[in-house]
Structures are given as C-alpha cells and as structure tokens.
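Worksheet: the structure to be examined is printed underneath.
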Amino acid sequence: MRCALGLLGVVSLLVAGCSGAASAPVQSVPPATTSAAATTGKFKVETVTAGLEHGWDIGFLPDGGMLVPQRPGKLALVRGGQRTDVKADFSDVLVQGEGGLLGLVISPDFSTSREFITCQDHQEGGKAVDIRLVTWKLAEDGASATKVKNLLTGLPVNPSGRHSGCRPTFAPDGALLVGTGDTARSTIAQDRHSLGGKVLRLDAKTGNPLPDNPFISSADPKERLIYTYGHRNVQGVAIRPGSGQVITAEHGPTFDDEVNLLRPGANYGWDPSKGGTDSSYDESVPMTDLKRFPDAVSPLWTSGKITEAISGDAFLTGSQWGKNDGALVVVALKGQKLLLYHLDPAGKVLDVTLPPEFDDKFGRLRAVRSGPDGALYVTTSDGTDDKLLRVTPA
C-alpha cells in the first residue's frame with residue numbers, strides 16, 4: 001500500500017515511524033515537525049531535460065555536462081539543457097525487472113582519463129551471469145563511449161533482476177563505495193563470502209580491496225572487499241561533507257525502509273534465512289534483527305509500518321541553502337516524495353520534513369545527487385518521459 005497522504009499526514013506518519021519501529025530503537029523526530037510551519041520553505045524545481053526512461057543516476061562532467069544512465073541500457077549526455085544519446089555497446093546488459101544499467105560515477109581523474117564507471121546486470125546468451133562494475137571511456141565529442149574493462153565481476157544476480165542494488169559513490173579519500181542488493185536470496189546478506197547485500201570498498205582503478213578495509217586479512221578475496229554487511233537492498237550512498245560519514249538509503253520489505261550510518265566491518269542485521277534455517281526468503285523478519293544479532297547497528301531512521309521505497313540520497317551543500325545547508329536528502333519511488341533530514345554532528349536525526357514541492361508532484365523519484373554548482377539534481381522513474389530535475393532554493 002502506498003502512503004498517499006497530504007503534507008501533515010506524511011510528516012506525522014514519519015514521526016510515528018521513527019519512534020514506533022519494532023526492529024530497532026531509532027531517534028524520534030521532534031514534535032515541531034508535525035506542524036506545517038516546520039516545512040523547509042520554498043524550493044525551485046526546473047526540468048533540465050525530459051524524454052528519459054528510468055534515469056538511474058547522474059554523473060557530473062568537468063565541462064558542466066551530465067551523464068544519465070537509463071535502466072533499459074541507454075546512456076544520455078545532457079549539456080546546456082540538450083539531451084543526446086551516447087552510443088555504447090550495452091548489448092550484454094540484462095534488462096529485467098529491477099535490473100539493467102544502474103548506478104554511474106565519474107572518475108576523479110576524468111579530465112585526463114575521460115573514464116566513468118557503471119554498475120550493471122550482465123547476461124551472456126540471454127542467461128543472467130552476475131552484476132558487475134564496468135569502466136568506460138567517453139569520446140572527446142561525447143557522442144560515444146567504449147568499454148575499457150570489467151572493474152569488478154561476480155556480484156550475485158537474480159535472473160528476475162530483483163534487488164540488484166547498485167549505487168557507486170566516491171569517498172573523499174578516493175575509495176569507491178558500492179551499495180549492493182541481496183538479490184532476494186535468503187542467506188546472501190549475512191554471507192561474507194558473497195558480495196550481495198553489502199557495501200563494498202575498493203580501488204577504482206584496479207578493483208582491488210583497499211589495504212585498510214575491515215576484513216583485509218581474510219583469505220577470501222570477496223570478503224576483503226566488504227565494508228559493511230547484513231543489508232537488504234542499498235540504493236543510496238552519500239558522503240556527509242566535512243565529516244566523511246557514509247549514509248545509506250535502503251529498501252525495506254513492507255516496512256522499515258532505513259537510513260543508516262555506516263561503521264566499518266559492521267553488521268546491519270538483515271537475515272531472511274533466520275540463521276540459515278529458512279531458504280524461503282522470509283521477509284517478515286526485522287530489517288535490523290537485534291535479537292539474532294545483538295551487535296547489529298540500528299538505523300538512524302526507519303519508515304516504520306510503511307515503506308516509501310527510498311532510493312537515492314545526497315547532501316545539500318552551500319550557504320545558498322540557508323538552514324538546510326548540510327541537510328540530508330532522500331528520494332522515494334513508491335512514496336513519490338523527497339524527504340529532508342537534519343542531523344546532529346554524530347549523525348542522529350533531529351527532524352524530518354517533506355517539502356511540499358515534492359509531495360506526489362513528480363511521480364517516482366530514483367536518483368538524487370548534489371551538483372558542482374550547488375544545486376540538487378533528481379531523476380524521475382515512471383518509465384515514460386522521465387525527467388532530470390534541478391532543485392535550488394526559491
């Protein structure tokens with residue numbers, strides 16, 4: 001059931017979700033957010049381009065252009081409000097259900113290498129093989145891209161495409177963080193010999209684990225890549241400016257979407273196998289099962305008894321945002337909204353608000369990234385005439 005409430009109802013429900021989630025104690029939202037006066041003020045929302053199809057991510061180029069991967073295996077270059085298709089061989093992309101051409105990130109050395117990295121479901125002869133990170137090189141004129149190499153292969157895949165993840169983000173230290181999905185298989189999230197249901201941390205040039213990863217001493221090369229585990233389907237990975245805190249957005253089943261603060265090596269408590277006793281993918285278990293895993297990390301926030309299907313997350317940066325400078329933004333698919341979180345220095349949620357400009361106004365929202373110009377960029381994901389939106393303070 002989708003939550004189709006007005007502003008006051010949504011915010012009140014979010015408050016209830018923060019304090020009433022059975023799976024983990026989370027920070028309650030202060031009562032002030034139950035009033036319309038506590039909303040965030042006006043945002044200006046402009047359409048940069050339309051005609052997209054499930055725009056999954058946004059990568060910012062040094063010249064002001066943007067690359068937008070589309071789940072059906074298409075890549076768009078948006079520059080000056082004009083959208084052109086980038087020719088690239090995506091014939092091996094498995095486009096099925098939630099799977100296809102997913103996350104994208106621009107390499108920090110793009111100005112010299114012209115490289116970017118995609119996360120994509122992979123098929124051979126029509127058979128699902130894995131989910132992989134692929135390095136590409138964009139032509140000087142932006143008209144085409146050629147594959148450089150497979151950066152990382154072997155992420156599990158579901159032939160249906162379910163719970164594919166897959167969001168890559170660069171940390172300030174140059175590490176590539178990648179949120180992955182558990183592919184709707186019961187044991188994967190807790191299995192540290194699998195790359196699904198994890199956040200991975202790797203070298204973006206070699207695909208190798210970084211020497212200070214929490215499980216770097218493991219004999220298993222897959223385990224050495226793991227930064228955190230016990231996740232269901234991580235679709236947002238954002239770095240908090242000035243602190244280096246990694247905040248993720250994660251889909252719950254029919255309850256408890258989660259916003260999490262990552263701790264290296266930590267377990268986030270999702271286990272539909274119930275300790276390996278159930279192979280049926282039991283989604284009635286808690287998102288963060290503190291009874292089975294007392295040391296699991298509780299979320300910063302949950303949606304409680306509903307799901308919004310939160311997808312991307314990003315931080316607002318710059319004095320132009322006023323009191324919202326440094327706030328966390330999370331967008332939602334099923335909920336068709338944008339949520340704004342104010343955090344204390346430790347990451348504790350102080351309040352959650354819903355800007356009225358995004359209350360069921362633009363349909364399903366998939367990606368959100370903070371642009372180099374200080375604006376916020378958001379993609380819609382309805383499958384027909386999807387848009388790239390630019391959000392600034394009014």
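Naming works like this for the structure tokens: A, B, ... for the chains as they're shown, residue 1 at the start of each chain, ligands 1 onward in shown order.
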
> Do you know which residues are at most 10 Å from Lys127 (chain A) counting only C-alpha atoms, after dropping those on the same chain fewer than 6 positions away, and could you put them as a PyMOL selection string?
Replying inline: chain A and resi 92+94+159

> Which of region 263-332 of chain A counts as strand (DSSP E or B) under DSSP, as a list in words please?
Replying inline: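 Matching residues for strand (DSSP E or B) in region 263-332 of chain A are Asn267, Trp301, Thr302, Ile310, Ser311, Gly312, Asp313, Ala314, Phe315, Leu328, Val329, Val330, Val331 and Ala332 of chain A.
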
Would you export the selected residues with N, CA, C and O atoms as a compact mmCIF listing (two decimals), in the first residue's frame, please?
# COMPACT_ATOMS: atom_id res chain seq x y z
N ASN A 267 27.65 -5.20 11.02
CA ASN A 267 26.51 -5.96 10.53
C ASN A 267 25.26 -5.10 10.71
O ASN A 267 25.04 -4.53 11.78
N TRP A 301 17.13 6.14 11.05
CA TRP A 301 15.71 6.42 10.82
C TRP A 301 15.10 5.24 10.09
O TRP A 301 15.77 4.56 9.30
N THR A 302 13.84 4.95 10.39
CA THR A 302 13.08 3.98 9.61
C THR A 302 11.73 4.58 9.23
O THR A 302 11.25 5.52 9.88
N ILE A 310 12.65 4.14 -0.47
CA ILE A 310 13.67 5.17 -0.63
C ILE A 310 14.80 4.65 -1.52
O ILE A 310 15.16 3.48 -1.46
N SER A 311 15.33 5.53 -2.35
CA SER A 311 16.30 5.08 -3.35
C SER A 311 17.62 5.83 -3.23
O SER A 311 18.58 5.33 -2.65
N GLY A 312 17.71 7.06 -3.74
CA GLY A 312 18.96 7.79 -3.66
C GLY A 312 19.02 8.68 -2.45
O GLY A 312 18.00 9.03 -1.85
N ASP A 313 20.24 9.08 -2.06
CA ASP A 313 20.41 10.09 -1.02
C ASP A 313 21.60 10.97 -1.35
O ASP A 313 22.52 10.58 -2.09
N ALA A 314 21.58 12.19 -0.85
CA ALA A 314 22.63 13.18 -1.11
C ALA A 314 22.53 14.26 -0.04
O ALA A 314 21.53 14.37 0.68
N PHE A 315 23.58 15.09 0.05
CA PHE A 315 23.59 16.19 1.00
C PHE A 315 23.51 17.52 0.27
O PHE A 315 24.14 17.71 -0.78
N LEU A 328 20.47 16.22 4.84
CA LEU A 328 20.41 15.01 4.03
C LEU A 328 19.10 14.98 3.26
O LEU A 328 18.04 15.23 3.82
N VAL A 329 19.19 14.65 1.97
CA VAL A 329 18.01 14.50 1.12
C VAL A 329 17.90 13.04 0.71
O VAL A 329 18.89 12.42 0.30
N VAL A 330 16.70 12.48 0.84
CA VAL A 330 16.42 11.12 0.41
C VAL A 330 15.19 11.15 -0.48
O VAL A 330 14.19 11.79 -0.13
N VAL A 331 15.26 10.50 -1.65
CA VAL A 331 14.11 10.46 -2.54
C VAL A 331 13.49 9.07 -2.51
O VAL A 331 14.13 8.08 -2.13
N ALA A 332 12.21 9.00 -2.89
CA ALA A 332 11.46 7.76 -2.77
C ALA A 332 10.72 7.43 -4.06
O ALA A 332 10.22 8.31 -4.76

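CA of Thr118 (chain A) is found 10.3 Å from CA of Lys147 (chain A).
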
> Please, which residues of region 48-243 of chain A, numbered as in this document, come out helix (DSSP H, G or I) from DSSP, as an NGL selection string?
Replying inline: :A and (110-113 or 223-225)

> Which polymer residues have any atom within 8 Å of an atom of region 213-221 of chain A, counting only C-alpha atoms, with same-chain residues fewer than 2 positions away left out, as a ChimeraX atom specification?
Replying inline: /A:193,201,209-211,223-227,264-265

Grab the residues selected above and save them as a PDB file, in the first residue's frame with N, CA, C and O atoms.
ATOM      1  N   HIS A 193      31.087 -14.237   2.271  1.00  0.00           N
ATOM      2  CA  HIS A 193      31.761 -14.769   1.084  1.00  0.00           C
ATOM      3  C   HIS A 193      30.983 -14.433  -0.185  1.00  0.00           C
ATOM      4  O   HIS A 193      31.297 -14.935  -1.263  1.00  0.00           O
ATOM      5  N   ARG A 201      34.062  -1.642  -0.685  1.00  0.00           N
ATOM      6  CA  ARG A 201      35.032  -0.538  -0.716  1.00  0.00           C
ATOM      7  C   ARG A 201      36.256  -1.007  -1.490  1.00  0.00           C
ATOM      8  O   ARG A 201      36.911  -1.983  -1.106  1.00  0.00           O
ATOM      9  N   PRO A 209      40.560  -4.631  -3.186  1.00  0.00           N
ATOM     10  CA  PRO A 209      40.198  -4.070  -1.888  1.00  0.00           C
ATOM     11  C   PRO A 209      41.261  -3.103  -1.411  1.00  0.00           C
ATOM     12  O   PRO A 209      42.447  -3.232  -1.778  1.00  0.00           O
ATOM     13  N   LEU A 210      40.857  -2.133  -0.615  1.00  0.00           N
ATOM     14  CA  LEU A 210      41.822  -1.181  -0.071  1.00  0.00           C
ATOM     15  C   LEU A 210      42.475  -1.743   1.185  1.00  0.00           C
ATOM     16  O   LEU A 210      41.866  -2.516   1.931  1.00  0.00           O
ATOM     17  N   PRO A 211      43.738  -1.391   1.431  1.00  0.00           N
ATOM     18  CA  PRO A 211      44.510  -2.055   2.493  1.00  0.00           C
ATOM     19  C   PRO A 211      43.974  -1.839   3.900  1.00  0.00           C
ATOM     20  O   PRO A 211      44.324  -2.602   4.805  1.00  0.00           O
ATOM     21  N   GLU A 223      35.584 -11.335   0.591  1.00  0.00           N
ATOM     22  CA  GLU A 223      35.406 -10.772   1.930  1.00  0.00           C
ATOM     23  C   GLU A 223      36.300  -9.553   2.138  1.00  0.00           C
ATOM     24  O   GLU A 223      35.941  -8.620   2.854  1.00  0.00           O
ATOM     25  N   ARG A 224      37.448  -9.534   1.491  1.00  0.00           N
ATOM     26  CA  ARG A 224      38.359  -8.397   1.643  1.00  0.00           C
ATOM     27  C   ARG A 224      37.770  -7.103   1.071  1.00  0.00           C
ATOM     28  O   ARG A 224      38.192  -6.011   1.431  1.00  0.00           O
ATOM     29  N   LEU A 225      36.781  -7.231   0.173  1.00  0.00           N
ATOM     30  CA  LEU A 225      36.148  -6.062  -0.434  1.00  0.00           C
ATOM     31  C   LEU A 225      35.046  -5.462   0.435  1.00  0.00           C
ATOM     32  O   LEU A 225      34.599  -4.344   0.199  1.00  0.00           O
ATOM     33  N   ILE A 226      34.582  -6.205   1.432  1.00  0.00           N
ATOM     34  CA  ILE A 226      33.399  -5.809   2.183  1.00  0.00           C
ATOM     35  C   ILE A 226      33.720  -4.709   3.192  1.00  0.00           C
ATOM     36  O   ILE A 226      34.666  -4.807   3.964  1.00  0.00           O
ATOM     37  N   TYR A 227      32.879  -3.682   3.175  1.00  0.00           N
ATOM     38  CA  TYR A 227      32.955  -2.585   4.149  1.00  0.00           C
ATOM     39  C   TYR A 227      31.910  -2.783   5.247  1.00  0.00           C
ATOM     40  O   TYR A 227      32.208  -2.666   6.431  1.00  0.00           O
ATOM     41  N   PRO A 264      32.694   0.724   9.688  1.00  0.00           N
ATOM     42  CA  PRO A 264      33.474  -0.311   9.005  1.00  0.00           C
ATOM     43  C   PRO A 264      33.379  -1.662   9.704  1.00  0.00           C
ATOM     44  O   PRO A 264      33.551  -1.761  10.923  1.00  0.00           O
ATOM     45  N   GLY A 265      33.064  -2.693   8.930  1.00  0.00           N
ATOM     46  CA  GLY A 265      33.010  -4.050   9.450  1.00  0.00           C
ATOM     47  C   GLY A 265      31.720  -4.420  10.135  1.00  0.00           C
ATOM     48  O   GLY A 265      31.569  -5.561  10.590  1.00  0.00           O
TER      49      GLY A 265
END

>> Which residues are near region 51-53 of chain A? Cut-off 6 Å, only C-alpha atoms, ignore same chain within fewer than 2 positions. Put them as a ChimeraX atom specification.
In response: /A:55,70,383-387

Can you check which parts of region 97-170 of chain A lie within 12 Å of region 361-372 of chain A? Per residue, the shortest pair of atoms and distance in Å to one decimal, counting only C-alpha atoms, sorted by chain and number, as a tab-separated table.
residue	atom	partner	partner_atom	distance
A:Glu98	CA	A:Arg366	CA	11.9
A:Leu102	CA	A:Ala367	CA	10.2
A:Gly103	CA	A:Ala367	CA	9.0
A:Leu104	CA	A:Ala367	CA	10.5
A:Val105	CA	A:Arg369	CA	10.6
A:Cys166	CA	A:Ala367	CA	11.6
A:Arg167	CA	A:Ala367	CA	9.6
A:Pro168	CA	A:Arg369	CA	11.8
A:Thr169	CA	A:Arg369	CA	10.2

Restrict the selected residues to N, CA and C atoms and save them as a tab-separated table (two decimals), in the first residue's frame.
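What landed in selection-v8.tsv:
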chain	number	residue	atom	x	y	z
A	98	GLU	N	14.01	-5.14	-11.89
A	98	GLU	CA	14.78	-4.07	-11.28
A	98	GLU	C	16.20	-3.98	-11.82
A	102	LEU	N	22.46	0.50	-14.19
A	102	LEU	CA	22.07	1.09	-12.91
A	102	LEU	C	22.95	2.29	-12.56
A	103	GLY	N	23.72	2.20	-11.47
A	103	GLY	CA	24.47	3.35	-10.99
A	103	GLY	C	25.62	3.73	-11.88
A	104	LEU	N	26.04	5.00	-11.75
A	104	LEU	CA	27.16	5.53	-12.53
A	104	LEU	C	27.91	6.55	-11.69
A	105	VAL	N	29.23	6.58	-11.85
A	105	VAL	CA	30.04	7.58	-11.17
A	105	VAL	C	31.17	8.00	-12.10
A	166	CYS	N	22.21	-0.80	-7.40
A	166	CYS	CA	23.63	-0.90	-7.14
A	166	CYS	C	24.19	0.51	-7.33
A	167	ARG	N	24.58	1.16	-6.22
A	167	ARG	CA	24.94	2.58	-6.25
A	167	ARG	C	26.42	2.78	-5.94
A	168	PRO	N	27.21	3.31	-6.87
A	168	PRO	CA	28.62	3.63	-6.59
A	168	PRO	C	28.79	5.11	-6.22
A	169	THR	N	29.66	5.38	-5.27
A	169	THR	CA	29.95	6.74	-4.83
A	169	THR	C	31.41	6.83	-4.40

> In Å, how far is it from CA of Gly230 (chain A) to CA of Ser280 (chain A)?
Replying inline: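 Value for the CA of Gly230 (chain A)-CA of Ser280 (chain A) distance: 17.1 Å.
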
What lies within 9 Å of Gly181 (chain A) using only C-alpha atoms, ignoring chain neighbours under 2 positions off, as an mmCIF file with all heavy atoms, in the first residue's frame?
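Output file around.cif follows:
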data_model
loop_
_atom_site.group_PDB
_atom_site.id
_atom_site.type_symbol
_atom_site.label_atom_id
_atom_site.label_comp_id
_atom_site.auth_asym_id
_atom_site.auth_seq_id
_atom_site.Cartn_x
_atom_site.Cartn_y
_atom_site.Cartn_z
ATOM 1 N N PRO A 156 26.411 -11.196 -7.039
ATOM 2 C CA PRO A 156 25.307 -12.111 -7.365
ATOM 3 C C PRO A 156 24.201 -11.387 -8.116
ATOM 4 O O PRO A 156 23.999 -10.180 -7.972
ATOM 5 C CB PRO A 156 24.830 -12.598 -5.992
ATOM 6 C CG PRO A 156 25.258 -11.531 -5.034
ATOM 7 C CD PRO A 156 26.547 -10.988 -5.586
ATOM 8 N N VAL A 157 23.456 -12.153 -8.926
ATOM 9 C CA VAL A 157 22.364 -11.594 -9.710
ATOM 10 C C VAL A 157 21.177 -12.534 -9.615
ATOM 11 O O VAL A 157 21.326 -13.754 -9.518
ATOM 12 C CB VAL A 157 22.796 -11.401 -11.185
ATOM 13 C CG1 VAL A 157 23.101 -12.724 -11.853
ATOM 14 C CG2 VAL A 157 21.770 -10.599 -11.963
ATOM 15 N N ARG A 162 15.626 -8.823 -9.445
ATOM 16 C CA ARG A 162 15.202 -8.324 -8.146
ATOM 17 C C ARG A 162 16.398 -8.019 -7.246
ATOM 18 O O ARG A 162 17.373 -8.757 -7.199
ATOM 19 C CB ARG A 162 14.273 -9.334 -7.462
ATOM 20 C CG ARG A 162 13.555 -8.752 -6.262
ATOM 21 C CD ARG A 162 12.533 -9.682 -5.673
ATOM 22 N NE ARG A 162 11.890 -9.014 -4.531
ATOM 23 C CZ ARG A 162 11.379 -9.655 -3.498
ATOM 24 N NH1 ARG A 162 11.400 -10.977 -3.453
ATOM 25 N NH2 ARG A 162 10.827 -8.984 -2.506
ATOM 26 N N HIS A 163 16.280 -6.915 -6.524
ATOM 27 C CA HIS A 163 17.279 -6.468 -5.540
ATOM 28 C C HIS A 163 18.689 -6.448 -6.133
ATOM 29 O O HIS A 163 19.628 -6.995 -5.564
ATOM 30 C CB HIS A 163 17.233 -7.354 -4.290
ATOM 31 C CG HIS A 163 15.960 -7.227 -3.515
ATOM 32 N ND1 HIS A 163 15.784 -7.815 -2.289
ATOM 33 C CD2 HIS A 163 14.796 -6.589 -3.793
ATOM 34 C CE1 HIS A 163 14.565 -7.545 -1.849
ATOM 35 N NE2 HIS A 163 13.945 -6.791 -2.758
ATOM 36 N N SER A 164 18.827 -5.780 -7.260
ATOM 37 C CA SER A 164 20.132 -5.670 -7.907
ATOM 38 C C SER A 164 21.042 -4.625 -7.266
ATOM 39 O O SER A 164 22.224 -4.557 -7.576
ATOM 40 C CB SER A 164 19.940 -5.319 -9.394
ATOM 41 O OG SER A 164 19.344 -6.377 -10.101
ATOM 42 N N GLY A 165 20.534 -3.765 -6.377
ATOM 43 C CA GLY A 165 21.330 -2.619 -5.934
ATOM 44 C C GLY A 165 21.243 -1.575 -7.059
ATOM 45 O O GLY A 165 20.181 -1.474 -7.673
ATOM 46 N N CYS A 166 22.209 -0.802 -7.395
ATOM 47 C CA CYS A 166 23.631 -0.904 -7.137
ATOM 48 C C CYS A 166 24.192 0.509 -7.330
ATOM 49 O O CYS A 166 24.247 0.988 -8.449
ATOM 50 C CB CYS A 166 24.262 -1.900 -8.106
ATOM 51 S SG CYS A 166 26.039 -2.053 -8.029
ATOM 52 N N GLY A 179 27.025 0.264 -2.963
ATOM 53 C CA GLY A 179 25.926 -0.413 -2.268
ATOM 54 C C GLY A 179 25.343 -1.481 -3.167
ATOM 55 O O GLY A 179 25.069 -1.244 -4.344
ATOM 56 N N THR A 183 19.772 -9.712 -3.861
ATOM 57 C CA THR A 183 19.159 -10.467 -4.964
ATOM 58 C C THR A 183 18.013 -11.366 -4.494
ATOM 59 O O THR A 183 17.696 -12.354 -5.134
ATOM 60 C CB THR A 183 20.213 -11.307 -5.746
ATOM 61 O OG1 THR A 183 20.751 -12.322 -4.911
ATOM 62 C CG2 THR A 183 21.321 -10.418 -6.264
ATOM 63 N N ALA A 184 17.378 -10.984 -3.387
ATOM 64 C CA ALA A 184 16.214 -11.697 -2.847
ATOM 65 C C ALA A 184 16.518 -13.167 -2.576
ATOM 66 O O ALA A 184 15.678 -14.043 -2.809
ATOM 67 C CB ALA A 184 15.013 -11.543 -3.777
ATOM 68 N N ALA A 189 22.826 -11.810 2.471
ATOM 69 C CA ALA A 189 23.166 -10.604 3.225
ATOM 70 C C ALA A 189 24.147 -10.881 4.354
ATOM 71 O O ALA A 189 25.037 -10.076 4.640
ATOM 72 C CB ALA A 189 21.897 -9.954 3.774
ATOM 73 N N LEU A 195 29.186 -10.970 -2.358
ATOM 74 C CA LEU A 195 29.249 -9.519 -2.492
ATOM 75 C C LEU A 195 27.868 -8.868 -2.487
ATOM 76 O O LEU A 195 27.757 -7.649 -2.589
ATOM 77 C CB LEU A 195 29.987 -9.141 -3.778
ATOM 78 C CG LEU A 195 31.439 -9.621 -3.873
ATOM 79 C CD1 LEU A 195 32.056 -9.216 -5.210
ATOM 80 C CD2 LEU A 195 32.278 -9.076 -2.721
ATOM 81 N N GLY A 196 26.804 -9.654 -2.348
ATOM 82 C CA GLY A 196 25.455 -9.116 -2.312
ATOM 83 C C GLY A 196 25.033 -8.722 -0.908
ATOM 84 O O GLY A 196 25.501 -9.301 0.081
ATOM 85 N N GLY A 197 24.131 -7.725 -0.818
ATOM 86 C CA GLY A 197 23.654 -7.270 0.476
ATOM 87 C C GLY A 197 24.749 -6.618 1.293
ATOM 88 O O GLY A 197 24.791 -6.735 2.520
ATOM 89 N N LYS A 198 25.623 -5.890 0.606
ATOM 90 C CA LYS A 198 26.804 -5.303 1.250
ATOM 91 C C LYS A 198 26.989 -3.854 0.807
ATOM 92 O O LYS A 198 26.351 -3.381 -0.125
ATOM 93 C CB LYS A 198 28.078 -6.079 0.836
ATOM 94 C CG LYS A 198 28.016 -7.596 0.967
ATOM 95 C CD LYS A 198 27.859 -8.064 2.393
ATOM 96 C CE LYS A 198 28.021 -9.580 2.528
ATOM 97 N NZ LYS A 198 26.981 -10.360 1.829
ATOM 98 N N HIS A 231 22.809 -6.145 4.679
ATOM 99 C CA HIS A 231 21.896 -5.192 4.049
ATOM 100 C C HIS A 231 20.905 -5.929 3.145
ATOM 101 O O HIS A 231 21.205 -6.982 2.600
ATOM 102 C CB HIS A 231 22.671 -4.188 3.205
ATOM 103 C CG HIS A 231 23.629 -3.339 3.988
ATOM 104 N ND1 HIS A 231 23.213 -2.307 4.794
ATOM 105 C CD2 HIS A 231 24.991 -3.370 4.082
ATOM 106 C CE1 HIS A 231 24.270 -1.726 5.350
ATOM 107 N NE2 HIS A 231 25.355 -2.349 4.935
ATOM 108 N N ARG A 232 19.747 -5.315 2.938
ATOM 109 C CA ARG A 232 18.736 -5.893 2.053
ATOM 110 C C ARG A 232 18.906 -5.403 0.619
ATOM 111 O O ARG A 232 19.063 -6.200 -0.302
ATOM 112 C CB ARG A 232 17.334 -5.568 2.563
ATOM 113 C CG ARG A 232 16.205 -6.193 1.741
ATOM 114 C CD ARG A 232 14.854 -5.932 2.404
ATOM 115 N NE ARG A 232 13.770 -6.527 1.638
ATOM 116 C CZ ARG A 232 13.088 -5.920 0.677
ATOM 117 N NH1 ARG A 232 13.395 -4.659 0.341
ATOM 118 N NH2 ARG A 232 12.109 -6.530 0.048
ATOM 119 N N ASN A 233 18.855 -4.085 0.415
ATOM 120 C CA ASN A 233 18.977 -3.556 -0.945
ATOM 121 C C ASN A 233 19.378 -2.084 -0.856
ATOM 122 O O ASN A 233 18.512 -1.205 -0.841
ATOM 123 C CB ASN A 233 17.656 -3.717 -1.708
ATOM 124 C CG ASN A 233 17.810 -3.503 -3.203
ATOM 125 O OD1 ASN A 233 18.909 -3.558 -3.744
ATOM 126 N ND2 ASN A 233 16.698 -3.256 -3.882
ATOM 127 N N VAL A 234 20.664 -1.836 -0.821
ATOM 128 C CA VAL A 234 21.185 -0.473 -0.680
ATOM 129 C C VAL A 234 21.109 0.231 -2.035
ATOM 130 O O VAL A 234 21.722 -0.209 -3.001
ATOM 131 C CB VAL A 234 22.636 -0.489 -0.162
ATOM 132 C CG1 VAL A 234 23.184 0.934 -0.076
ATOM 133 C CG2 VAL A 234 22.712 -1.162 1.199
ATOM 134 N N GLN A 235 20.379 1.345 -2.097
ATOM 135 C CA GLN A 235 20.267 2.087 -3.353
ATOM 136 C C GLN A 235 20.722 3.531 -3.225
ATOM 137 O O GLN A 235 20.728 4.264 -4.212
ATOM 138 C CB GLN A 235 18.833 2.021 -3.868
ATOM 139 C CG GLN A 235 18.441 0.618 -4.286
ATOM 140 C CD GLN A 235 17.422 0.589 -5.395
ATOM 141 O OE1 GLN A 235 16.808 1.587 -5.736
ATOM 142 N NE2 GLN A 235 17.239 -0.578 -5.982
#

>> Would you pick out the contacts of Thr146 (chain A) at 8 Å or less, using only C-alpha atoms, so that residues sharing its chain but fewer than 4 positions from it are not included, and give the list as a VMD selection string?
In response: chain A and resid 88 to 89 136 to 139

Take the residues that were just selected and, keeping N, CA, C and O atoms, output them as a PDB file, in the first residue's frame.
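That gives us part-v3.pdb:
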ATOM      1  N   ALA A  88      27.025   3.365 -27.148  1.00  0.00           N
ATOM      2  CA  ALA A  88      27.871   2.445 -26.383  1.00  0.00           C
ATOM      3  C   ALA A  88      27.253   1.060 -26.487  1.00  0.00           C
ATOM      4  O   ALA A  88      26.030   0.925 -26.655  1.00  0.00           O
ATOM      5  N   ASP A  89      28.070   0.052 -26.392  1.00  0.00           N
ATOM      6  CA  ASP A  89      27.593  -1.321 -26.543  1.00  0.00           C
ATOM      7  C   ASP A  89      27.100  -1.851 -25.193  1.00  0.00           C
ATOM      8  O   ASP A  89      27.876  -2.325 -24.371  1.00  0.00           O
ATOM      9  N   TRP A 136      34.347   2.698 -18.409  1.00  0.00           N
ATOM     10  CA  TRP A 136      34.133   3.167 -19.770  1.00  0.00           C
ATOM     11  C   TRP A 136      34.956   4.419 -20.028  1.00  0.00           C
ATOM     12  O   TRP A 136      35.346   5.120 -19.093  1.00  0.00           O
ATOM     13  N   LYS A 137      35.185   4.717 -21.313  1.00  0.00           N
ATOM     14  CA  LYS A 137      35.859   5.955 -21.707  1.00  0.00           C
ATOM     15  C   LYS A 137      34.948   6.718 -22.654  1.00  0.00           C
ATOM     16  O   LYS A 137      34.505   6.185 -23.684  1.00  0.00           O
ATOM     17  N   LEU A 138      34.674   7.976 -22.310  1.00  0.00           N
ATOM     18  CA  LEU A 138      33.813   8.818 -23.128  1.00  0.00           C
ATOM     19  C   LEU A 138      34.634   9.508 -24.204  1.00  0.00           C
ATOM     20  O   LEU A 138      35.694  10.084 -23.931  1.00  0.00           O
ATOM     21  N   ALA A 139      34.144   9.457 -25.436  1.00  0.00           N
ATOM     22  CA  ALA A 139      34.836  10.123 -26.540  1.00  0.00           C
ATOM     23  C   ALA A 139      34.910  11.625 -26.298  1.00  0.00           C
ATOM     24  O   ALA A 139      34.108  12.203 -25.568  1.00  0.00           O
TER      25      ALA A 139
END

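Counting only C-alpha atoms, the residue from A:Thr248, A:Gly64, A:Thr47, A:Ala394 that sits nearest to Gly322 (chain A) is A:Ala394.
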
> Hey, what's within 12 Å of Pro345 (chain A) if we count only C-alpha atoms and toss same-chain stuff fewer than 4 positions away? As a PyMOL selection string, please?
Replying inline: chain A and resi 240-245+261+326-327+349-350

Output file for the residues above (N, CA and C atoms, as an mmCIF file, in the first residue's frame):
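Everything below was put into out_36.cif:
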data_model
loop_
_atom_site.group_PDB
_atom_site.id
_atom_site.type_symbol
_atom_site.label_atom_id
_atom_site.label_comp_id
_atom_site.auth_asym_id
_atom_site.auth_seq_id
_atom_site.Cartn_x
_atom_site.Cartn_y
_atom_site.Cartn_z
ATOM 1 N N ARG A 240 28.818 12.525 3.908
ATOM 2 C CA ARG A 240 28.476 13.779 4.571
ATOM 3 C C ARG A 240 29.661 14.740 4.511
ATOM 4 N N PRO A 241 29.482 15.901 3.917
ATOM 5 C CA PRO A 241 30.599 16.839 3.785
ATOM 6 C C PRO A 241 31.170 17.245 5.141
ATOM 7 N N GLY A 242 32.489 17.294 5.193
ATOM 8 C CA GLY A 242 33.173 17.741 6.396
ATOM 9 C C GLY A 242 33.363 16.700 7.457
ATOM 10 N N SER A 243 32.660 15.579 7.367
ATOM 11 C CA SER A 243 32.776 14.554 8.397
ATOM 12 C C SER A 243 33.250 13.217 7.845
ATOM 13 N N GLY A 244 32.993 12.977 6.561
ATOM 14 C CA GLY A 244 33.325 11.683 5.978
ATOM 15 C C GLY A 244 32.339 10.592 6.330
ATOM 16 N N GLN A 245 31.285 10.909 7.097
ATOM 17 C CA GLN A 245 30.283 9.904 7.433
ATOM 18 C C GLN A 245 29.613 9.384 6.168
ATOM 19 N N LEU A 261 23.884 4.891 9.127
ATOM 20 C CA LEU A 261 25.238 5.435 9.223
ATOM 21 C C LEU A 261 26.198 4.255 9.275
ATOM 22 N N GLY A 326 23.863 21.370 4.500
ATOM 23 C CA GLY A 326 24.310 20.175 5.205
ATOM 24 C C GLY A 326 23.217 19.175 5.492
ATOM 25 N N ALA A 327 21.969 19.471 5.115
ATOM 26 C CA ALA A 327 20.874 18.534 5.346
ATOM 27 C C ALA A 327 20.960 17.355 4.388
ATOM 28 N N VAL A 349 19.298 11.795 13.836
ATOM 29 C CA VAL A 349 18.263 12.541 13.136
ATOM 30 C C VAL A 349 17.553 13.483 14.097
ATOM 31 N N LEU A 350 17.574 14.764 13.782
ATOM 32 C CA LEU A 350 16.913 15.773 14.611
ATOM 33 C C LEU A 350 15.485 16.022 14.152
#

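Counting from CA of Asp359 (chain A), the distance to CA of Leu388 (chain A) is 17.1 Å.
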
>> Could you check the closest approach to Val246 (chain A) for each of A:Val148, A:Leu340, A:Leu75, A:Leu176 and tell me which residue wins, using only C-alpha atoms?
In response: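 Of A:Val148, A:Leu340, A:Leu75, A:Leu176, the one nearest Val246 (chain A) is A:Leu176, counting only C-alpha atoms.
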